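To start, the structure under review is shown below, and the notes come after it.
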Amino acid sequence: MNSNNKNLAKAQLDKALQGNEKIEAAIAALQKEATEEMLAHALTVLRRRMKEQAQLIIAVDPPKGDGKINLQAIQTRDGKQWWAAFTSFDEELKGSNQIMSTFTADIDKIFQSALQEPSIEGVIINPWNRTIMLNKALINIILGNTL
């Protein structure tokens, strides 16, 4: 890949992630003041970014023998599994001590897939720093699904 193609690919990737600092700011505000209003604000910001076709970075496990790519899951202290997603490459690098394989995906596709996967509880955005844990009920709210 020549440098022009690399720069074009990087510009497109940056565009898909550009604006995700709004998500980080909403999560920071929620961490500072954990109220229903701040949670509603954070969910609204996520929904807006989703409607803007924004993307998140997803960590994947290396394919096993079946050739399938599996999203990397984080296990919380209660033993539940969550997918990890990141608003930026900076967020991804903050707490992981291992090199991860990643790709970007549309927010709505990540959330819809999470709802379909029985083995996970939901999605943790930025598990190392500006963290929000979105269980399936919250994901349904962001997607506008009626329960």
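Going by the structure tokens order, chains are called A, B, ..., each with residues numbered from 1, while ligands are numbered from 1 in the order shown.
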According to DSSP computed on the backbone, where in chain A is there strand (DSSP E)? Give the residues as number ranges by chain. A: 55-61, 70-71, 73-75, 81-86, 101-106, 122-125, 132-135
So that I have them on file, write out the residues from the current selection with C-alpha atoms, as a short mmCIF file (atom, residue, chain, number, x, y, z; two decimals), in the first residue's frame.
data_model
loop_
_atom_site.label_atom_id
_atom_site.label_comp_id
_atom_site.auth_asym_id
_atom_site.auth_seq_id
_atom_site.Cartn_x
_atom_site.Cartn_y
_atom_site.Cartn_z
CA GLN A 55 -17.84 3.65 14.77
CA LEU A 56 -16.17 2.10 17.78
CA ILE A 57 -13.02 0.01 17.93
CA ILE A 58 -13.61 -3.63 18.84
CA ALA A 59 -10.96 -6.01 20.16
CA VAL A 60 -10.95 -9.46 18.60
CA ASP A 61 -9.39 -12.75 19.63
CA ASN A 70 -14.53 -13.76 17.81
CA LEU A 71 -14.98 -10.50 19.63
CA ALA A 73 -14.80 -10.59 25.94
CA ILE A 74 -13.88 -9.18 29.34
CA GLN A 75 -14.95 -11.12 32.40
CA GLN A 81 -18.78 -11.74 29.99
CA TRP A 82 -18.86 -8.36 28.22
CA TRP A 83 -17.58 -7.23 24.83
CA ALA A 84 -15.07 -4.39 24.95
CA ALA A 85 -15.36 -1.40 22.63
CA PHE A 86 -13.26 1.76 22.49
CA SER A 101 -6.15 -7.21 17.15
CA THR A 102 -8.88 -4.70 16.47
CA PHE A 103 -11.27 -3.49 13.82
CA THR A 104 -13.81 -0.71 13.67
CA ALA A 105 -17.53 -1.31 13.36
CA ASP A 106 -20.68 0.78 13.28
CA GLY A 122 -23.55 -6.36 26.98
CA VAL A 123 -20.81 -3.95 25.90
CA ILE A 124 -18.29 -2.10 28.04
CA ILE A 125 -17.13 1.07 26.33
CA ILE A 132 -19.68 2.76 30.77
CA MET A 133 -21.21 -0.70 31.00
CA LEU A 134 -24.17 -1.10 28.68
CA ASN A 135 -26.28 -4.10 29.54
#
In Å, rounded to a single decimal, give me how far CA of Thr87 (chain A) is from CA of Ile139 (chain A).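 Going from CA of Ile139 (chain A) over to CA of Thr87 (chain A), I get 16.2 Å.
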request  = List the neighbours of Thr44 (chain A) out to 12 Å using only C-alpha atoms; skip same-chain residues closer than 2 positions along the sequence, and give me the result as a list in words.
outcome  =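 Near neighbours after the sequence-gap exclusion: Lys22, Ile23, Ala26, Ile27, Glu37, Met38, Leu39, Ala40, His41, Ala42, Leu46, Arg47, Arg48, Arg49, Met50, Lys51, Leu138, Ile139, Ile141, Ile142, Leu143 and Gly144 of chain A.
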* Asked: Residues at most 9 Å from Glu91 (chain A), counting only C-alpha atoms, excluding those fewer than 4 positions away in the same chain, as a ChimeraX atom specification?
  -> /A:86-87,95,126-130
Residue set, chain A restricted to helix (DSSP H, G or I), as an MDAnalysis selection string:
chainID A and resid 3:17 21:32 36:51 89:93 107:116 136:143
re CA of Lys109 (chain A) and CA of Asn20 (chain A): distance 16.3 Å
